[in-house]
Structure formats: C-alpha cells, structure tokens
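Here is the structure we will look at.
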Amino acid sequence: MSSNLPEWLRKSFSGLVVSDLDGTLRGPGGEISSNVLSALENLEEKNILRVVATGRSLHSTKKILSEDFPIDMLIFSSGAGVLCWKTGDLLRKHSLEESQAAELSNFLRNWGDLSFMVHQEIPENHRFLFFEASNPTGDFLRRVELHREHAGILADSWPAKTRATQVIVILSETEAAIYNQLKDALPSYSVIRTTSPLDHTSIWVEIFPKHVSKSQTTQWLAEQMGLTAGAAMAIGNDYNDMDLLDWAGASFVVSGAPGVLKGRYPVVGSCESGGPAEAIELWLRERRVT
C-alpha cells in the first residue's frame, strides 16, 4: 500500500466499485437517482472503495458534483488524473511531453480536414487551444462556443516548452473509420473513442500519453490499496469505458449503452431508473456481502 496516500486511505478495503459518470451515474438532465446515492453510501459501510472514472476534467467535474458526493476517489480526464475526493489531494497526473504535443499538433494539421483541440496540463486542462479546419463539425463549433472563455486559437505550431494533457479530434458520426485510422497511425499514444456529451452522436477521439486510460489508472489505484481486478466491479455506458469493463472482475453496462457494449457485458437498467444501484446489488449478492 502506497505511503503517499492520505492517512484515511491507508486502511484495508474489501473491494472497489468504479463507475463512469455521465450517462451512467448521471442522467442527461443532470439527475442522479436517490437509490444510486443510497447504494454508494452503503458501500462505505461495507468498506468498499468508491471511485468515479470520467472523461470530464477536474474543473468540469467539480461544477456538477458536490463536495460531499458519496465517493472516495475521482479518476478524471479518462485516467490522466487522480484526486482524493474527500481531501482534495491530487494523487497523480499525466501529461504529453512538449515534443509529443508539438508532434500531435503538426501531425493532425497535415492529416487533412481535421478540427482539434489541445488541452493544457492538469489542473488547468479545461483550457485549450483549437485548430479549426475548413469544414468543422457542428459539435466542434458548439464546444468552442460553449467554452469560449477557456478557449484560444492554436498558433501555427504548438507553443514551445509547453506540455499538454490531451488532444481531442471531433468527427461526425459518419467518420468512424478515421478513429481507427488515427489509432493505427499513433501506436505510441493512447487513442480513445467516446461519444460526444453534447450532441450524443458525434465521435470524440481523445489522444493521451500511452499509459493513460481508465483501466490503467484504476489498476494503479487498486495496487496502491492492495486490491486486484478480481475485487473490482465496473459500470459504464460508452466506448471509452470498454477497457475498464474488460479489466474489472465484474462489469455491467446501463441500458442506454451502444449495442456493441450490450452484447459484450451484462445489462442493467438505465441511469435514470437506478441501473448502477442494480449493478451494485447484483455484485454484492454474488460476493455474498450483506
């Protein structure tokens, strides 16, 4: 168990529950059902570590979750950062090196008609510079406008001696093949597909350092707590949850997940109907935890 953890975390947990946030715990209107909140509170009584793993930045997550939200740890930006929710301690962060940020910026400019954003280092990674191609998607323009106060235009080359957290390429839903092409072309990076949280159809391609993903960061956290994947349960709803769902000993998806995920993992109810609470109950029953 790591000595770098806050004092209250240096105890023996019996298991770990890790959940995606938007579309899993949290409904499209921002609601979180009362039975899900009760299930999370119940996990604390059973000495089970509660983790949210989200693609949101720390800044964005803090805008929607209260300080007393019943979790212990937050994995944010798809695994680029880890925060102790109860104490506010930043336990881990990852960045693209200066050379990597420049390489990706130049590579994407030369690819073709791709619009993308380069996000600053944690904890300022809600701020970004953007490159607008000749035919940007409506979702790209919407995101720039939504975060105008945190956005700036990307210069001809990525600023020298500047690290970054991630790069986001925004594609239309008909351009899914480009995701696969980018993944193949960038084997030295972690290239993750997620569905736009804005229009719920566009494809966001998130590019991180190679060792960043929800599963890799959750595994690191589990190791710090002396836990294994076999003691973990994960629940999600989108493509960027798949590596985490594959890692955990038990996994579930809510009913709103894409068909390919529902064909691969056990399905529980929607986030609105308390699907995560159902998943937690099924997992505890299987472990014979009362």
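Just remember, in the structure tokens the first chain shown is A, the second B, etc., residues are 1-based per chain, and ligands are 1-based in the order shown.
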What's the 8 Å shell around Gln166 of chain A, counting only C-alpha atoms, without same-chain residues fewer than 2 positions away, as an mmCIF file with N, CA and C atoms, in the first residue's frame?
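Wrote out-v8.cif, looks like this:
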data_model
loop_
_atom_site.group_PDB
_atom_site.id
_atom_site.type_symbol
_atom_site.label_atom_id
_atom_site.label_comp_id
_atom_site.auth_asym_id
_atom_site.auth_seq_id
_atom_site.Cartn_x
_atom_site.Cartn_y
_atom_site.Cartn_z
ATOM 1 N N SER A 95 0.971 13.888 -18.406
ATOM 2 C CA SER A 95 0.992 14.930 -19.439
ATOM 3 C C SER A 95 1.688 14.420 -20.685
ATOM 4 N N LEU A 96 1.305 14.990 -21.808
ATOM 5 C CA LEU A 96 2.066 14.823 -23.033
ATOM 6 C C LEU A 96 3.315 15.689 -22.916
ATOM 7 N N VAL A 118 -6.179 21.198 -28.254
ATOM 8 C CA VAL A 118 -5.054 20.760 -27.431
ATOM 9 C C VAL A 118 -5.251 21.353 -26.040
ATOM 10 N N HIS A 119 -5.376 20.480 -25.034
ATOM 11 C CA HIS A 119 -5.703 20.923 -23.682
ATOM 12 C C HIS A 119 -4.456 21.099 -22.820
ATOM 13 N N GLN A 120 -4.485 22.127 -21.997
ATOM 14 C CA GLN A 120 -3.364 22.437 -21.116
ATOM 15 C C GLN A 120 -3.172 21.323 -20.076
ATOM 16 N N ALA A 164 1.018 19.278 -22.420
ATOM 17 C CA ALA A 164 -0.430 19.240 -22.577
ATOM 18 C C ALA A 164 -0.961 17.976 -21.919
ATOM 19 N N ILE A 168 -7.979 16.461 -28.524
ATOM 20 C CA ILE A 168 -9.302 15.938 -28.877
ATOM 21 C C ILE A 168 -9.611 16.283 -30.331
ATOM 22 N N GLU A 206 -9.898 11.032 -28.369
ATOM 23 C CA GLU A 206 -9.039 11.641 -27.348
ATOM 24 C C GLU A 206 -7.667 10.969 -27.380
ATOM 25 N N ILE A 207 -6.619 11.774 -27.455
ATOM 26 C CA ILE A 207 -5.256 11.262 -27.573
ATOM 27 C C ILE A 207 -4.463 11.655 -26.335
ATOM 28 N N PHE A 208 -3.935 10.642 -25.648
ATOM 29 C CA PHE A 208 -3.220 10.818 -24.379
ATOM 30 C C PHE A 208 -1.849 10.153 -24.472
ATOM 31 N N PRO A 209 -1.019 10.340 -23.440
ATOM 32 C CA PRO A 209 0.181 9.512 -23.333
ATOM 33 C C PRO A 209 -0.213 8.034 -23.327
#
Near Glu124 of chain A, counting only C-alpha atoms, which residues have an atom at most 12 Å away, once you skip same-chain residues fewer than 2 positions from it, shown as a ChimeraX atom specification? /A:57-60,77,81,93,95,118-122,126-128,150-151,163-166
Within 10 Å of Ser134 of chain A, counting only C-alpha atoms, which residues qualify if same-chain residues fewer than 3 places away don't, as a list in words?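 Near neighbours after the sequence-gap exclusion: Gly112, Asp113, Leu114, Ser115, Phe131 and Thr137 of chain A.
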Residues at most 8 Å from Ser213 of chain A, counting only C-alpha atoms, excluding those fewer than 2 positions away in the same chain, as a PDB file with N, CA and C atoms, in the first residue's frame?
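Here's the written file part-v1.pdb:
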ATOM      1  N   SER A  78     -10.297  10.775 -18.333  1.00  0.00           N
ATOM      2  CA  SER A  78     -10.096   9.417 -18.859  1.00  0.00           C
ATOM      3  C   SER A  78      -8.871   8.721 -18.298  1.00  0.00           C
ATOM      4  N   GLY A  79      -8.447   9.110 -17.092  1.00  0.00           N
ATOM      5  CA  GLY A  79      -7.315   8.455 -16.442  1.00  0.00           C
ATOM      6  C   GLY A  79      -6.070   9.315 -16.343  1.00  0.00           C
ATOM      7  N   ALA A  80      -6.107  10.531 -16.879  1.00  0.00           N
ATOM      8  CA  ALA A  80      -4.924  11.400 -16.826  1.00  0.00           C
ATOM      9  C   ALA A  80      -4.670  11.942 -15.428  1.00  0.00           C
ATOM     10  N   SER A 190      -2.152   6.676 -26.424  1.00  0.00           N
ATOM     11  CA  SER A 190      -3.436   6.077 -26.085  1.00  0.00           C
ATOM     12  C   SER A 190      -4.508   6.845 -26.854  1.00  0.00           C
ATOM     13  N   ILE A 192      -8.424   7.057 -27.685  1.00  0.00           N
ATOM     14  CA  ILE A 192      -9.673   6.590 -27.084  1.00  0.00           C
ATOM     15  C   ILE A 192     -10.870   7.209 -27.799  1.00  0.00           C
ATOM     16  N   HIS A 211       0.271   5.474 -21.522  1.00  0.00           N
ATOM     17  CA  HIS A 211      -0.113   4.790 -20.289  1.00  0.00           C
ATOM     18  C   HIS A 211      -1.374   5.367 -19.649  1.00  0.00           C
ATOM     19  N   SER A 215      -8.727   2.098 -17.396  1.00  0.00           N
ATOM     20  CA  SER A 215      -8.313   0.824 -16.796  1.00  0.00           C
ATOM     21  C   SER A 215      -6.915   0.902 -16.195  1.00  0.00           C
ATOM     22  N   GLN A 216      -5.984   1.530 -16.893  1.00  0.00           N
ATOM     23  CA  GLN A 216      -4.612   1.588 -16.388  1.00  0.00           C
ATOM     24  C   GLN A 216      -4.523   2.399 -15.100  1.00  0.00           C
ATOM     25  N   THR A 217      -5.280   3.491 -15.049  1.00  0.00           N
ATOM     26  CA  THR A 217      -5.243   4.317 -13.841  1.00  0.00           C
ATOM     27  C   THR A 217      -5.987   3.639 -12.698  1.00  0.00           C
ATOM     28  N   ASP A 243     -12.253  -0.546 -21.965  1.00  0.00           N
ATOM     29  CA  ASP A 243     -11.023  -1.093 -21.384  1.00  0.00           C
ATOM     30  C   ASP A 243     -11.185  -1.301 -19.881  1.00  0.00           C
TER      31      ASP A 243
END
Between atom CA of Gly256 of chain A and atom CA of Ser34 of chain A, distance in Å (one decimal):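 Interatomic distance, atom CA of Gly256 of chain A to atom CA of Ser34 of chain A: 19.0 Å.
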Distance query segment 41-54 of chain A at most 6 Å, only C-alpha atoms, self and fewer than 2 positions along chain excluded, as a count of residues only: 20
Using DSSP on the backbone coordinates, identify the residues of segment 45-268 of chain A assigned to strand (DSSP E); present them as a VMD selection string. chain A and resid 48 to 53 73 to 76 81 to 84 90 to 93 116 to 119 128 to 131 151 to 153 166 to 171 189 to 195 203 to 209 232 to 236 250 to 254 267 to 268
For Gly30 of chain A, list every protein, DNA or RNA residue within 12 Å, evaluated using only C-alpha atoms, and leave out those in the same chain fewer than 2 positions away; present the list as a PyMOL selection string. chain A and resi 21-28+32-33+61+63-65+197+271-272
Which residues in segment 19-126 of chain A does DSSP call helix (DSSP H, G or I)? List them as a PyMOL selection string. chain A and resi 34-45+58-64+77-79+98-111
For each of A:Leu198, A:Cys84, A:Val205, A:Ala160, take the minimum atom-to-atom distance to Tyr179 of chain A, counting only C-alpha atoms, then give the residue where this is smallest. A:Val205
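As for atom CA of Ala231 of chain A and atom CA of Tyr189 of chain A, they are spaced 28.6 Å apart.
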Which one of A:Phe140, A:Tyr239, A:Phe252, A:Phe69 sits closest to Gly269 of chain A if you count only C-alpha atoms?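 Checking each candidate against Gly269 of chain A, we get A:Phe252 as the closest.
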